[in-house]
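This is input-v7.cif. It holds mmCIF, C-alpha atoms.
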```
data_run
loop_
_atom_site.group_PDB
_atom_site.id
_atom_site.type_symbol
_atom_site.label_atom_id
_atom_site.label_comp_id
_atom_site.auth_asym_id
_atom_site.auth_seq_id
_atom_site.Cartn_x
_atom_site.Cartn_y
_atom_site.Cartn_z
ATOM 1 C CA MET A 1 0.000 0.000 0.000
ATOM 2 C CA PRO A 2 1.386 3.457 -0.822
ATOM 3 C CA LYS A 3 2.420 5.807 1.951
ATOM 4 C CA TRP A 4 3.361 9.471 1.783
ATOM 5 C CA LYS A 5 5.371 11.329 4.382
ATOM 6 C CA LEU A 6 5.863 15.065 4.462
ATOM 7 C CA VAL A 7 8.072 17.064 6.770
ATOM 8 C CA THR A 8 7.922 20.746 7.623
ATOM 9 C CA GLU A 9 9.932 22.893 9.989
ATOM 10 C CA TYR A 10 9.222 26.357 11.347
ATOM 11 C CA THR A 11 10.072 28.610 14.262
ATOM 12 C CA PHE A 12 8.157 30.834 16.629
ATOM 13 C CA ASP A 13 9.232 33.098 19.485
ATOM 14 C CA SER A 14 7.581 32.873 22.889
ATOM 15 C CA ALA A 15 8.224 33.407 26.570
ATOM 16 C CA HIS A 16 7.537 31.029 29.440
ATOM 17 C CA PHE A 17 8.655 29.819 32.826
ATOM 18 C CA ILE A 18 8.492 26.352 34.352
ATOM 19 C CA ARG A 19 6.345 26.381 37.462
ATOM 20 C CA ASP A 20 8.183 25.469 40.691
ATOM 21 C CA TYR A 21 11.468 24.946 38.849
ATOM 22 C CA ASP A 22 14.476 25.526 41.111
ATOM 23 C CA GLY A 23 16.770 27.389 38.748
ATOM 24 C CA PRO A 24 16.808 29.939 35.916
ATOM 25 C CA CYS A 25 14.028 28.149 33.996
ATOM 26 C CA GLY A 26 11.707 29.041 36.876
ATOM 27 C CA ARG A 27 11.956 32.705 35.870
ATOM 28 C CA MET A 28 10.283 34.149 32.809
ATOM 29 C CA HIS A 29 12.503 33.900 29.737
ATOM 30 C CA GLY A 30 12.127 33.427 26.005
ATOM 31 C CA HIS A 31 13.141 31.059 23.235
ATOM 32 C CA THR A 32 13.018 30.795 19.508
ATOM 33 C CA TYR A 33 11.322 27.412 19.354
ATOM 34 C CA LYS A 34 12.007 25.227 16.348
ATOM 35 C CA VAL A 35 9.242 22.800 15.434
ATOM 36 C CA ARG A 36 9.508 19.857 13.060
ATOM 37 C CA ILE A 37 6.341 18.036 12.069
ATOM 38 C CA GLU A 38 6.265 14.757 10.179
ATOM 39 C CA ALA A 39 2.892 13.818 8.732
ATOM 40 C CA SER A 40 2.225 10.537 6.960
ATOM 41 C CA SER A 41 -0.784 8.912 5.373
ATOM 42 C CA GLN A 42 -1.735 6.059 3.087
ATOM 43 C CA LYS A 43 -4.065 8.345 1.148
ATOM 44 C CA LEU A 44 -4.067 11.928 -0.020
ATOM 45 C CA HIS A 45 -6.540 14.560 1.132
ATOM 46 C CA SER A 46 -8.004 17.918 0.244
ATOM 47 C CA SER A 47 -7.741 20.907 2.577
ATOM 48 C CA GLU A 48 -9.609 24.061 3.407
ATOM 49 C CA TYR A 49 -7.343 25.795 0.875
ATOM 50 C CA CYS A 50 -7.419 23.165 -1.912
ATOM 51 C CA PRO A 51 -10.464 21.046 -2.877
ATOM 52 C CA HIS A 52 -8.439 18.326 -4.612
ATOM 53 C CA GLU A 53 -7.190 15.202 -2.839
ATOM 54 C CA VAL A 54 -3.531 15.850 -3.594
ATOM 55 C CA MET A 55 -1.818 16.238 -0.204
ATOM 56 C CA VAL A 56 -1.152 14.400 3.034
ATOM 57 C CA ALA A 57 -1.981 17.597 4.900
ATOM 58 C CA ASP A 58 -1.723 21.251 3.979
ATOM 59 C CA PHE A 59 1.536 22.941 4.998
ATOM 60 C CA LYS A 60 -0.497 25.989 6.102
ATOM 61 C CA THR A 61 -2.493 23.792 8.459
ATOM 62 C CA LEU A 62 0.598 22.108 9.870
ATOM 63 C CA ARG A 63 2.259 25.462 10.548
ATOM 64 C CA TRP A 64 -0.640 26.930 12.569
ATOM 65 C CA ALA A 65 1.581 27.539 15.639
ATOM 66 C CA LYS A 66 3.846 29.846 13.591
ATOM 67 C CA LYS A 67 1.030 32.407 13.418
ATOM 68 C CA ASP A 68 0.945 35.353 15.783
ATOM 69 C CA VAL A 69 -0.907 34.610 19.012
ATOM 70 C CA THR A 70 -3.589 37.156 18.021
ATOM 71 C CA LYS A 71 -4.311 34.940 14.975
ATOM 72 C CA GLY A 72 -4.503 31.652 16.889
ATOM 73 C CA GLY A 73 -0.820 30.685 16.872
ATOM 74 C CA LEU A 74 1.937 30.679 19.467
ATOM 75 C CA ASP A 75 4.270 33.344 18.075
ATOM 76 C CA HIS A 76 5.059 36.156 20.503
ATOM 77 C CA CYS A 77 2.892 34.777 23.278
ATOM 78 C CA PHE A 78 3.391 33.955 26.940
ATOM 79 C CA LEU A 79 2.980 30.172 26.804
ATOM 80 C CA ASN A 80 1.915 29.928 30.454
ATOM 81 C CA ASP A 81 -1.184 31.957 29.563
ATOM 82 C CA VAL A 82 -1.946 30.186 26.267
ATOM 83 C CA MET A 83 -1.485 26.497 27.060
ATOM 84 C CA PRO A 84 -4.058 24.631 29.184
ATOM 85 C CA PRO A 85 -3.561 25.066 32.942
ATOM 86 C CA ASP A 86 -2.708 21.373 33.459
ATOM 87 C CA TYR A 87 0.232 21.678 31.013
ATOM 88 C CA ASP A 88 3.565 22.883 32.294
ATOM 89 C CA THR A 89 5.587 24.667 29.642
ATOM 90 C CA THR A 90 8.429 22.186 29.329
ATOM 91 C CA ALA A 91 9.536 21.282 25.802
ATOM 92 C CA GLU A 92 7.853 17.902 26.324
ATOM 93 C CA MET A 93 4.474 19.461 27.089
ATOM 94 C CA ILE A 94 4.807 22.061 24.327
ATOM 95 C CA ALA A 95 5.418 19.222 21.843
ATOM 96 C CA LYS A 96 2.365 17.373 23.151
ATOM 97 C CA TYR A 97 0.232 20.517 22.923
ATOM 98 C CA ILE A 98 1.327 21.236 19.336
ATOM 99 C CA TYR A 99 0.704 17.574 18.448
ATOM 100 C CA GLU A 100 -2.824 17.598 19.908
ATOM 101 C CA GLU A 101 -3.769 20.912 18.305
ATOM 102 C CA THR A 102 -2.349 19.832 14.943
ATOM 103 C CA LYS A 103 -4.103 16.452 15.113
ATOM 104 C CA ARG A 104 -7.444 18.258 15.452
ATOM 105 C CA ARG A 105 -6.716 20.202 12.259
ATOM 106 C CA VAL A 106 -5.569 17.438 9.891
ATOM 107 C CA PRO A 107 -7.737 14.817 8.160
ATOM 108 C CA PRO A 108 -8.427 11.512 9.926
ATOM 109 C CA GLY A 109 -5.808 8.884 9.179
ATOM 110 C CA VAL A 110 -2.876 11.299 9.125
ATOM 111 C CA ASP A 111 -0.159 10.144 11.532
ATOM 112 C CA LEU A 112 1.946 12.833 13.180
ATOM 113 C CA LYS A 113 5.266 13.186 14.948
ATOM 114 C CA VAL A 114 6.153 16.544 16.488
ATOM 115 C CA ALA A 115 9.639 17.591 17.561
ATOM 116 C CA VAL A 116 10.319 20.790 19.505
ATOM 117 C CA SER A 117 13.638 22.440 20.280
ATOM 118 C CA GLU A 118 14.253 25.305 22.702
ATOM 119 C CA THR A 119 17.974 25.400 21.951
ATOM 120 C CA PRO A 120 20.034 24.345 18.922
ATOM 121 C CA ASN A 121 21.221 21.130 20.586
ATOM 122 C CA SER A 122 18.204 19.891 22.590
ATOM 123 C CA TRP A 123 15.056 18.309 21.109
ATOM 124 C CA VAL A 124 12.017 16.432 22.300
ATOM 125 C CA GLU A 125 9.780 14.328 20.056
ATOM 126 C CA TYR A 126 6.138 13.411 20.664
ATOM 127 C CA GLU A 127 3.841 11.021 18.835
ATOM 128 C CA ASP A 128 0.831 9.022 19.898
ATOM 129 C CA ASP A 129 -0.065 5.576 18.607
#
```
This structure in structure tokens:
Amino acid sequence: MPKWKLVTEYTFDSAHFIRDYDGPCGRMHGHTYKVRIEASSQKLHSSEYCPHEVMVADFKTLRWAKKDVTKGGLDHCFLNDVMPPDYDTTAEMIAKYIYEETKRRVPPGVDLKVAVSETPNSWVEYEDD
């Protein structure tokens, strides 16, 4: 059976602090987050921007978090105010949040893997079977 896999990367800038963290990360600070999303599917789909079934998922849809916070994204926001209250703002939880929000936006049957980096040499990946 055929399978397509697409990959997109983008960045956004946001501030956060990790609640009850004993160290500098417990104080408000900012990062340029780098996000990598892998999307795969055994069939192609249409999107809200294209009526033809010619894509795994639309790049615009996958890059929703790159938008300014005033337009529903995460760019230039304070993550502690934007993410659900039961989510701490660790890279792990940011990856899970981006995964869950992206999953809601893509067609059924599209598998996702989300990687998030706060620094050039540290990444976390999240996917759900």
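A straight line drawn from CA of Cys25 in chain A to CA of Tyr87 in chain A is 15.5 Å long.
Interatomic distance, CA of Lys96 in chain A to CA of Pro2 in chain A: 27.7 Å.
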Q: Give me the residues within 10 Å of Val82 in chain A as a ChimeraX atom specification, counting only C-alpha atoms and dropping any in the same chain fewer than 6 places off.
A: /A:69,72-74,89
Q.
Going by the chain IDs and residue numbers used in this file, which residues fall under the PyMOL selection byres ((chain A and resi 92) around 8)? Write them as a PyMOL selection string.
A. chain A and resi 89-91+93-96+116+124-126
Q: For the file shown, report as an MDAnalysis selection string the outcome of the PyMOL selection byres ((chain A and resi 29-36) around 7) at residue level.
A: chainID A and resid 8:17 27:28 37:38 114:118
(Q) Give me the residues near Val106 in chain A as a ChimeraX atom specification, where near means some atom within 12 Å (using only C-alpha atoms) and where sequence neighbours in that chain fewer than 5 positions away do not count. (A) /A:39-41,44-48,55-64,99-101,111-112
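Going from CA of Lys103 in chain A over to CA of Ser122 in chain A, you cover 23.8 Å.
Among the candidate residues A:Ala65, A:Cys50, A:Met1, A:Leu79, the one lying nearest to Arg19 in chain A is A:Leu79, with distances computed using only C-alpha atoms.
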(Q) Using all atoms listed in the file, can you tell me which of A:Ile98, A:Pro107, A:Lys3, A:Ile18 comes closest to Asn80 in chain A? (A) A:Ile18
Draw an axis-aligned box over all listed atoms of range 75-86 of chain A, pad each side with 3 Å, and write its centre and edge lengths in Å, one decimal, as lines of an AutoDock Vina configuration file.
```
center_x = 0.5
center_y = 28.8
center_z = 25.8
size_x = 15.1
size_y = 20.8
size_z = 21.4
```
